[in-house]
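The data block below is data.pdb; it holds PDB, N, CA, C and O atoms, pLDDT in the B column.
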```pdb
ATOM      1  N   MET A   1      69.087  94.610 132.373  1.00 60.00           N
ATOM      2  CA  MET A   1      69.889  93.406 132.277  1.00 60.00           C
ATOM      3  C   MET A   1      70.888  93.566 131.114  1.00 60.00           C
ATOM      4  O   MET A   1      70.507  93.893 130.015  1.00 60.00           O
ATOM      5  N   GLU A   2      72.146  93.326 131.398  1.00 66.00           N
ATOM      6  CA  GLU A   2      73.188  93.499 130.400  1.00 66.00           C
ATOM      7  C   GLU A   2      73.494  92.160 129.728  1.00 66.00           C
ATOM      8  O   GLU A   2      73.676  91.140 130.391  1.00 66.00           O
ATOM      9  N   GLU A   3      73.534  92.182 128.406  1.00 73.00           N
ATOM     10  CA  GLU A   3      73.840  90.961 127.656  1.00 73.00           C
ATOM     11  C   GLU A   3      75.334  90.876 127.385  1.00 73.00           C
ATOM     12  O   GLU A   3      75.968  91.881 127.091  1.00 73.00           O
ATOM     13  N   ASN A   4      75.868  89.689 127.471  1.00 78.00           N
ATOM     14  CA  ASN A   4      77.249  89.445 127.066  1.00 78.00           C
ATOM     15  C   ASN A   4      77.214  88.837 125.678  1.00 78.00           C
ATOM     16  O   ASN A   4      76.883  87.673 125.511  1.00 78.00           O
ATOM     17  N   LYS A   5      77.542  89.653 124.671  1.00 76.00           N
ATOM     18  CA  LYS A   5      77.518  89.179 123.292  1.00 76.00           C
ATOM     19  C   LYS A   5      78.886  88.648 122.923  1.00 76.00           C
ATOM     20  O   LYS A   5      79.907  89.244 123.258  1.00 76.00           O
ATOM     21  N   ARG A   6      78.890  87.536 122.212  1.00 72.00           N
ATOM     22  CA  ARG A   6      80.134  86.980 121.708  1.00 72.00           C
ATOM     23  C   ARG A   6      80.553  87.766 120.480  1.00 72.00           C
ATOM     24  O   ARG A   6      79.741  88.124 119.655  1.00 72.00           O
ATOM     25  N   VAL A   7      81.828  88.034 120.394  1.00 74.00           N
ATOM     26  CA  VAL A   7      82.352  88.824 119.288  1.00 74.00           C
ATOM     27  C   VAL A   7      83.147  87.902 118.377  1.00 74.00           C
ATOM     28  O   VAL A   7      84.051  87.200 118.821  1.00 74.00           O
ATOM     29  N   TYR A   8      82.779  87.902 117.105  1.00 78.00           N
ATOM     30  CA  TYR A   8      83.429  87.038 116.126  1.00 78.00           C
ATOM     31  C   TYR A   8      84.222  87.865 115.126  1.00 78.00           C
ATOM     32  O   TYR A   8      83.959  89.029 114.919  1.00 78.00           O
ATOM     33  N   GLY A   9      85.168  87.234 114.486  1.00 83.00           N
ATOM     34  CA  GLY A   9      85.913  87.874 113.415  1.00 83.00           C
ATOM     35  C   GLY A   9      87.271  88.377 113.846  1.00 83.00           C
ATOM     36  O   GLY A   9      87.499  88.695 115.008  1.00 83.00           O
ATOM     37  N   TYR A  10      88.152  88.443 112.879  1.00 80.00           N
ATOM     38  CA  TYR A  10      89.514  88.886 113.156  1.00 80.00           C
ATOM     39  C   TYR A  10      89.572  90.379 113.471  1.00 80.00           C
ATOM     40  O   TYR A  10      90.510  90.837 114.111  1.00 80.00           O
ATOM     41  N   ILE A  11      88.603  91.147 113.055  1.00 80.00           N
ATOM     42  CA  ILE A  11      88.625  92.589 113.243  1.00 80.00           C
ATOM     43  C   ILE A  11      88.659  92.955 114.727  1.00 80.00           C
ATOM     44  O   ILE A  11      89.112  94.027 115.103  1.00 80.00           O
ATOM     45  N   ASN A  12      88.226  92.062 115.592  1.00 84.00           N
ATOM     46  CA  ASN A  12      88.228  92.308 117.034  1.00 84.00           C
ATOM     47  C   ASN A  12      89.441  91.691 117.729  1.00 84.00           C
ATOM     48  O   ASN A  12      89.458  91.586 118.945  1.00 84.00           O
ATOM     49  N   GLN A  13      90.443  91.283 116.976  1.00 88.00           N
ATOM     50  CA  GLN A  13      91.612  90.613 117.525  1.00 88.00           C
ATOM     51  C   GLN A  13      92.860  91.493 117.505  1.00 88.00           C
ATOM     52  O   GLN A  13      93.971  90.983 117.506  1.00 88.00           O
ATOM     53  N   PHE A  14      92.714  92.813 117.483  1.00 91.00           N
ATOM     54  CA  PHE A  14      93.874  93.705 117.438  1.00 91.00           C
ATOM     55  C   PHE A  14      94.783  93.460 118.640  1.00 91.00           C
ATOM     56  O   PHE A  14      94.329  93.350 119.766  1.00 91.00           O
ATOM     57  N   GLY A  15      96.075  93.331 118.338  1.00 91.00           N
ATOM     58  CA  GLY A  15      97.061  93.096 119.381  1.00 91.00           C
ATOM     59  C   GLY A  15      97.220  91.635 119.755  1.00 91.00           C
ATOM     60  O   GLY A  15      98.054  91.298 120.578  1.00 91.00           O
ATOM     61  N   LYS A  16      96.437  90.761 119.159  1.00 94.00           N
ATOM     62  CA  LYS A  16      96.513  89.328 119.457  1.00 94.00           C
ATOM     63  C   LYS A  16      97.122  88.567 118.287  1.00 94.00           C
ATOM     64  O   LYS A  16      97.140  89.033 117.159  1.00 94.00           O
ATOM     65  N   GLU A  17      97.621  87.380 118.581  1.00 95.00           N
ATOM     66  CA  GLU A  17      98.242  86.516 117.576  1.00 95.00           C
ATOM     67  C   GLU A  17      97.165  85.885 116.704  1.00 95.00           C
ATOM     68  O   GLU A  17      96.195  85.317 117.207  1.00 95.00           O
ATOM     69  N   ILE A  18      97.333  86.000 115.374  1.00 95.00           N
ATOM     70  CA  ILE A  18      96.425  85.362 114.431  1.00 95.00           C
ATOM     71  C   ILE A  18      97.236  84.578 113.406  1.00 95.00           C
ATOM     72  O   ILE A  18      98.445  84.790 113.268  1.00 95.00           O
ATOM     73  N   LYS A  19      96.564  83.674 112.717  1.00 96.00           N
ATOM     74  CA  LYS A  19      97.190  82.909 111.643  1.00 96.00           C
ATOM     75  C   LYS A  19      96.452  83.235 110.357  1.00 96.00           C
ATOM     76  O   LYS A  19      95.226  83.162 110.303  1.00 96.00           O
ATOM     77  N   VAL A  20      97.215  83.601 109.329  1.00 96.00           N
ATOM     78  CA  VAL A  20      96.650  83.937 108.032  1.00 96.00           C
ATOM     79  C   VAL A  20      97.054  82.857 107.045  1.00 96.00           C
ATOM     80  O   VAL A  20      98.235  82.569 106.885  1.00 96.00           O
ATOM     81  N   ALA A  21      96.073  82.226 106.390  1.00 97.00           N
ATOM     82  CA  ALA A  21      96.340  81.219 105.367  1.00 97.00           C
ATOM     83  C   ALA A  21      96.104  81.849 103.998  1.00 97.00           C
ATOM     84  O   ALA A  21      95.086  82.505 103.778  1.00 97.00           O
ATOM     85  N   PHE A  22      97.060  81.664 103.117  1.00 97.00           N
ATOM     86  CA  PHE A  22      96.995  82.253 101.786  1.00 97.00           C
ATOM     87  C   PHE A  22      96.391  81.279 100.779  1.00 97.00           C
ATOM     88  O   PHE A  22      96.341  80.075 101.010  1.00 97.00           O
ATOM     89  N   LYS A  23      95.980  81.805  99.642  1.00 97.00           N
ATOM     90  CA  LYS A  23      95.360  80.988  98.602  1.00 97.00           C
ATOM     91  C   LYS A  23      96.329  79.981  97.996  1.00 97.00           C
ATOM     92  O   LYS A  23      95.911  78.956  97.484  1.00 97.00           O
ATOM     93  N   ASP A  24      97.626  80.252  98.085  1.00 96.00           N
ATOM     94  CA  ASP A  24      98.607  79.324  97.533  1.00 96.00           C
ATOM     95  C   ASP A  24      98.993  78.211  98.507  1.00 96.00           C
ATOM     96  O   ASP A  24      99.849  77.390  98.207  1.00 96.00           O
ATOM     97  N   GLY A  25      98.379  78.185  99.700  1.00 96.00           N
ATOM     98  CA  GLY A  25      98.615  77.115 100.660  1.00 96.00           C
ATOM     99  C   GLY A  25      99.583  77.463 101.777  1.00 96.00           C
ATOM    100  O   GLY A  25      99.700  76.728 102.748  1.00 96.00           O
ATOM    101  N   LYS A  26     100.302  78.551 101.667  1.00 97.00           N
ATOM    102  CA  LYS A  26     101.232  78.966 102.709  1.00 97.00           C
ATOM    103  C   LYS A  26     100.472  79.645 103.838  1.00 97.00           C
ATOM    104  O   LYS A  26      99.332  80.061 103.673  1.00 97.00           O
ATOM    105  N   ALA A  27     101.121  79.758 104.998  1.00 97.00           N
ATOM    106  CA  ALA A  27     100.490  80.389 106.157  1.00 97.00           C
ATOM    107  C   ALA A  27     101.503  81.264 106.879  1.00 97.00           C
ATOM    108  O   ALA A  27     102.711  81.063 106.756  1.00 97.00           O
ATOM    109  N   MET A  28     100.985  82.230 107.632  1.00 96.00           N
ATOM    110  CA  MET A  28     101.835  83.148 108.381  1.00 96.00           C
ATOM    111  C   MET A  28     101.152  83.471 109.703  1.00 96.00           C
ATOM    112  O   MET A  28      99.940  83.636 109.759  1.00 96.00           O
ATOM    113  N   ARG A  29     101.952  83.538 110.776  1.00 97.00           N
ATOM    114  CA  ARG A  29     101.431  83.914 112.089  1.00 97.00           C
ATOM    115  C   ARG A  29     102.027  85.250 112.479  1.00 97.00           C
ATOM    116  O   ARG A  29     103.188  85.534 112.202  1.00 97.00           O
ATOM    117  N   GLY A  30     101.209  86.059 113.148  1.00 96.00           N
ATOM    118  CA  GLY A  30     101.706  87.343 113.619  1.00 96.00           C
ATOM    119  C   GLY A  30     100.653  88.058 114.439  1.00 96.00           C
ATOM    120  O   GLY A  30      99.506  87.627 114.535  1.00 96.00           O
ATOM    121  N   LYS A  31     101.052  89.164 115.029  1.00 97.00           N
ATOM    122  CA  LYS A  31     100.159  89.975 115.843  1.00 97.00           C
ATOM    123  C   LYS A  31      99.460  90.981 114.932  1.00 97.00           C
ATOM    124  O   LYS A  31     100.111  91.689 114.162  1.00 97.00           O
ATOM    125  N   LEU A  32      98.144  91.049 115.013  1.00 96.00           N
ATOM    126  CA  LEU A  32      97.364  91.953 114.175  1.00 96.00           C
ATOM    127  C   LEU A  32      97.548  93.387 114.644  1.00 96.00           C
ATOM    128  O   LEU A  32      97.256  93.721 115.793  1.00 96.00           O
ATOM    129  N   LEU A  33      98.049  94.243 113.740  1.00 96.00           N
ATOM    130  CA  LEU A  33      98.282  95.643 114.066  1.00 96.00           C
ATOM    131  C   LEU A  33      97.153  96.540 113.567  1.00 96.00           C
ATOM    132  O   LEU A  33      96.697  97.424 114.282  1.00 96.00           O
ATOM    133  N   PHE A  34      96.721  96.318 112.318  1.00 93.00           N
ATOM    134  CA  PHE A  34      95.747  97.207 111.690  1.00 93.00           C
ATOM    135  C   PHE A  34      95.041  96.465 110.571  1.00 93.00           C
ATOM    136  O   PHE A  34      95.636  95.616 109.914  1.00 93.00           O
ATOM    137  N   ALA A  35      93.783  96.787 110.352  1.00 92.00           N
ATOM    138  CA  ALA A  35      93.026  96.218 109.227  1.00 92.00           C
ATOM    139  C   ALA A  35      92.384  97.362 108.465  1.00 92.00           C
ATOM    140  O   ALA A  35      91.529  98.071 108.993  1.00 92.00           O
ATOM    141  N   GLY A  36      92.816  97.556 107.238  1.00 92.00           N
ATOM    142  CA  GLY A  36      92.256  98.588 106.374  1.00 92.00           C
ATOM    143  C   GLY A  36      91.202  97.989 105.455  1.00 92.00           C
ATOM    144  O   GLY A  36      90.763  96.847 105.626  1.00 92.00           O
ATOM    145  N   LYS A  37      90.812  98.760 104.465  1.00 92.00           N
ATOM    146  CA  LYS A  37      89.783  98.312 103.531  1.00 92.00           C
ATOM    147  C   LYS A  37      90.289  97.177 102.648  1.00 92.00           C
ATOM    148  O   LYS A  37      89.558  96.231 102.366  1.00 92.00           O
ATOM    149  N   TYR A  38      91.551  97.261 102.203  1.00 95.00           N
ATOM    150  CA  TYR A  38      92.084  96.286 101.261  1.00 95.00           C
ATOM    151  C   TYR A  38      93.262  95.485 101.792  1.00 95.00           C
ATOM    152  O   TYR A  38      93.751  94.590 101.116  1.00 95.00           O
ATOM    153  N   GLU A  39      93.763  95.806 102.992  1.00 95.00           N
ATOM    154  CA  GLU A  39      94.953  95.137 103.501  1.00 95.00           C
ATOM    155  C   GLU A  39      94.875  95.004 105.012  1.00 95.00           C
ATOM    156  O   GLU A  39      94.086  95.675 105.661  1.00 95.00           O
ATOM    157  N   ILE A  40      95.696  94.094 105.537  1.00 95.00           N
ATOM    158  CA  ILE A  40      95.881  93.987 106.977  1.00 95.00           C
ATOM    159  C   ILE A  40      97.381  94.049 107.248  1.00 95.00           C
ATOM    160  O   ILE A  40      98.194  93.714 106.393  1.00 95.00           O
ATOM    161  N   TYR A  41      97.730  94.512 108.434  1.00 96.00           N
ATOM    162  CA  TYR A  41      99.124  94.637 108.834  1.00 96.00           C
ATOM    163  C   TYR A  41      99.376  93.731 110.025  1.00 96.00           C
ATOM    164  O   TYR A  41      98.634  93.769 111.002  1.00 96.00           O
ATOM    165  N   LEU A  42     100.428  92.910 109.917  1.00 96.00           N
ATOM    166  CA  LEU A  42     100.826  92.009 110.985  1.00 96.00           C
ATOM    167  C   LEU A  42     102.221  92.366 111.472  1.00 96.00           C
ATOM    168  O   LEU A  42     103.056  92.833 110.693  1.00 96.00           O
ATOM    169  N   ASP A  43     102.480  92.118 112.747  1.00 97.00           N
ATOM    170  CA  ASP A  43     103.816  92.211 113.310  1.00 97.00           C
ATOM    171  C   ASP A  43     104.359  90.785 113.367  1.00 97.00           C
ATOM    172  O   ASP A  43     103.889  89.972 114.155  1.00 97.00           O
ATOM    173  N   VAL A  44     105.325  90.489 112.493  1.00 96.00           N
ATOM    174  CA  VAL A  44     105.916  89.152 112.418  1.00 96.00           C
ATOM    175  C   VAL A  44     107.388  89.264 112.798  1.00 96.00           C
ATOM    176  O   VAL A  44     108.179  89.862 112.072  1.00 96.00           O
ATOM    177  N   ASP A  45     107.738  88.717 113.940  1.00 95.00           N
ATOM    178  CA  ASP A  45     109.123  88.739 114.440  1.00 95.00           C
ATOM    179  C   ASP A  45     109.694  90.159 114.472  1.00 95.00           C
ATOM    180  O   ASP A  45     110.830  90.390 114.076  1.00 95.00           O
ATOM    181  N   GLY A  46     108.891  91.124 114.898  1.00 94.00           N
ATOM    182  CA  GLY A  46     109.361  92.491 115.026  1.00 94.00           C
ATOM    183  C   GLY A  46     109.301  93.313 113.754  1.00 94.00           C
ATOM    184  O   GLY A  46     109.649  94.489 113.771  1.00 94.00           O
ATOM    185  N   GLN A  47     108.880  92.721 112.645  1.00 96.00           N
ATOM    186  CA  GLN A  47     108.768  93.448 111.380  1.00 96.00           C
ATOM    187  C   GLN A  47     107.308  93.586 110.981  1.00 96.00           C
ATOM    188  O   GLN A  47     106.527  92.652 111.152  1.00 96.00           O
ATOM    189  N   GLU A  48     106.962  94.735 110.440  1.00 97.00           N
ATOM    190  CA  GLU A  48     105.596  94.970 109.988  1.00 97.00           C
ATOM    191  C   GLU A  48     105.425  94.415 108.574  1.00 97.00           C
ATOM    192  O   GLU A  48     106.220  94.715 107.686  1.00 97.00           O
ATOM    193  N   VAL A  49     104.394  93.579 108.400  1.00 97.00           N
ATOM    194  CA  VAL A  49     104.131  92.936 107.117  1.00 97.00           C
ATOM    195  C   VAL A  49     102.755  93.355 106.633  1.00 97.00           C
ATOM    196  O   VAL A  49     101.783  93.306 107.381  1.00 97.00           O
ATOM    197  N   THR A  50     102.671  93.784 105.365  1.00 97.00           N
ATOM    198  CA  THR A  50     101.403  94.153 104.746  1.00 97.00           C
ATOM    199  C   THR A  50     100.889  92.966 103.951  1.00 97.00           C
ATOM    200  O   THR A  50     101.615  92.395 103.137  1.00 97.00           O
ATOM    201  N   ILE A  51      99.640  92.592 104.183  1.00 97.00           N
ATOM    202  CA  ILE A  51      99.017  91.480 103.459  1.00 97.00           C
ATOM    203  C   ILE A  51      97.747  92.006 102.810  1.00 97.00           C
ATOM    204  O   ILE A  51      96.879  92.556 103.484  1.00 97.00           O
ATOM    205  N   PHE A  52      97.649  91.848 101.499  1.00 97.00           N
ATOM    206  CA  PHE A  52      96.453  92.274 100.796  1.00 97.00           C
ATOM    207  C   PHE A  52      95.353  91.226 100.958  1.00 97.00           C
ATOM    208  O   PHE A  52      95.610  90.026 100.870  1.00 97.00           O
ATOM    209  N   LYS A  53      94.149  91.688 101.198  1.00 95.00           N
ATOM    210  CA  LYS A  53      93.042  90.785 101.526  1.00 95.00           C
ATOM    211  C   LYS A  53      92.689  89.834 100.395  1.00 95.00           C
ATOM    212  O   LYS A  53      92.232  88.733 100.648  1.00 95.00           O
ATOM    213  N   HIS A  54      92.925  90.219  99.141  1.00 96.00           N
ATOM    214  CA  HIS A  54      92.577  89.332  98.031  1.00 96.00           C
ATOM    215  C   HIS A  54      93.448  88.082  97.995  1.00 96.00           C
ATOM    216  O   HIS A  54      93.095  87.103  97.343  1.00 96.00           O
ATOM    217  N   ALA A  55      94.582  88.084  98.715  1.00 96.00           N
ATOM    218  CA  ALA A  55      95.474  86.930  98.750  1.00 96.00           C
ATOM    219  C   ALA A  55      95.165  85.974  99.890  1.00 96.00           C
ATOM    220  O   ALA A  55      95.764  84.914 100.000  1.00 96.00           O
ATOM    221  N   ILE A  56      94.197  86.321 100.762  1.00 96.00           N
ATOM    222  CA  ILE A  56      93.914  85.545 101.962  1.00 96.00           C
ATOM    223  C   ILE A  56      92.798  84.550 101.700  1.00 96.00           C
ATOM    224  O   ILE A  56      91.752  84.894 101.149  1.00 96.00           O
ATOM    225  N   LYS A  57      93.032  83.302 102.127  1.00 97.00           N
ATOM    226  CA  LYS A  57      92.005  82.269 102.047  1.00 97.00           C
ATOM    227  C   LYS A  57      91.137  82.278 103.308  1.00 97.00           C
ATOM    228  O   LYS A  57      89.931  82.293 103.241  1.00 97.00           O
ATOM    229  N   TYR A  58      91.799  82.256 104.481  1.00 94.00           N
ATOM    230  CA  TYR A  58      91.067  82.367 105.758  1.00 94.00           C
ATOM    231  C   TYR A  58      92.010  82.852 106.844  1.00 94.00           C
ATOM    232  O   TYR A  58      93.214  82.829 106.704  1.00 94.00           O
ATOM    233  N   ILE A  59      91.402  83.311 107.952  1.00 93.00           N
ATOM    234  CA  ILE A  59      92.141  83.807 109.118  1.00 93.00           C
ATOM    235  C   ILE A  59      91.641  83.079 110.343  1.00 93.00           C
ATOM    236  O   ILE A  59      90.439  82.972 110.560  1.00 93.00           O
ATOM    237  N   VAL A  60      92.589  82.575 111.142  1.00 90.00           N
ATOM    238  CA  VAL A  60      92.233  81.868 112.386  1.00 90.00           C
ATOM    239  C   VAL A  60      92.831  82.626 113.547  1.00 90.00           C
ATOM    240  O   VAL A  60      93.941  83.073 113.505  1.00 90.00           O
TER
END
```

Hey, can you dump this file as structure tokens for me?
Amino acid sequence: MEENKRVYGYINQFGKEIKVAFKDGKAMRGKLLFAGKYEIYLDVDGQEVTIFKHAIKYIV
């Protein structure tokens, strides 16, 4: 019998639109390209943006 497990977390959202909220209250939406140890990369309006994880409050 095969189980269907729900997958949580932004790490499984590659290629999908996510919203990143920063500690200063600002937010940014973009397509998740890559998640490294200390940073994530988003595609925002055709430009690649590097966001350091220490600046992130939450990801939706």

Polymer residues at most 6 Å from range 21-28 of chain A, all atoms listed in the file, same-chain spacing of 2 or more positions, as a list in words: Ile18, Lys19, Gly30, Ala55, Ile56, Lys57, Tyr58, Ile59 and Val60 of chain A

Would you kindly return, as JSON, numbers by chain, each protein, DNA or RNA residue with an atom no farther than 8 Å from any atom of Ile51 in chain A, considering only C-alpha atoms and excluding same-chain residues fewer than 6 positions away?
{"A": [39, 40, 41, 42]}

*asked:* Show me, as a list in words, the residues that have an atom within 8 Å of Phe14 in chain A when counting only C-alpha atoms, minus same-chain residues fewer than 5 positions from it.
replied: Lys31, Leu32, Leu33 and Phe34 of chain A

Among the residues of chain A, find those DSSP assigns to helix (DSSP H, G or I) from the backbone and print them as JSON, numbers by chain.
-> {"A": [10, 11, 12, 53, 54, 55]}

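Note that the spacing between CA of Thr50 in chain A and CA of Lys16 in chain A amounts to 16.2 Å.
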
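Taking CA of Val20 in chain A as the reference point, CA of Gln47 in chain A is found at 15.8 Å.
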
Around all of range 16-26 of chain A's listed atoms, make the axis-aligned box with 6 Å on each side and tell me centre and edge lengths in Å to one decimal, as AutoDock Vina command-line options.
```
--center_x 98.2 --center_y 83.7 --center_z 108.5 --size_x 18.1 --size_y 26.0 --size_z 34.0
```

Practice problem: Run DSSP on the backbone and grab whatever in chain A lands in strand (DSSP E or B); send it over as JSON, numbers by chain. | Solution: {"A": [17, 18, 19, 20, 21, 22, 27, 28, 29, 30, 31, 32, 33, 34, 35, 39, 40, 41, 42, 43, 44, 47, 48, 49, 50, 51, 52, 56, 57, 58, 59]}

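In this structure, CA of Glu48 in chain A sits 25.8 Å away from CA of Val7 in chain A.
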
- Skip Tyr38 in chain A itself and residues of its chain fewer than 2 positions away, then list as a PyMOL selection string all residues within 9 Å of it, counting only C-alpha atoms. chain A and resi 35-36+40+51-54
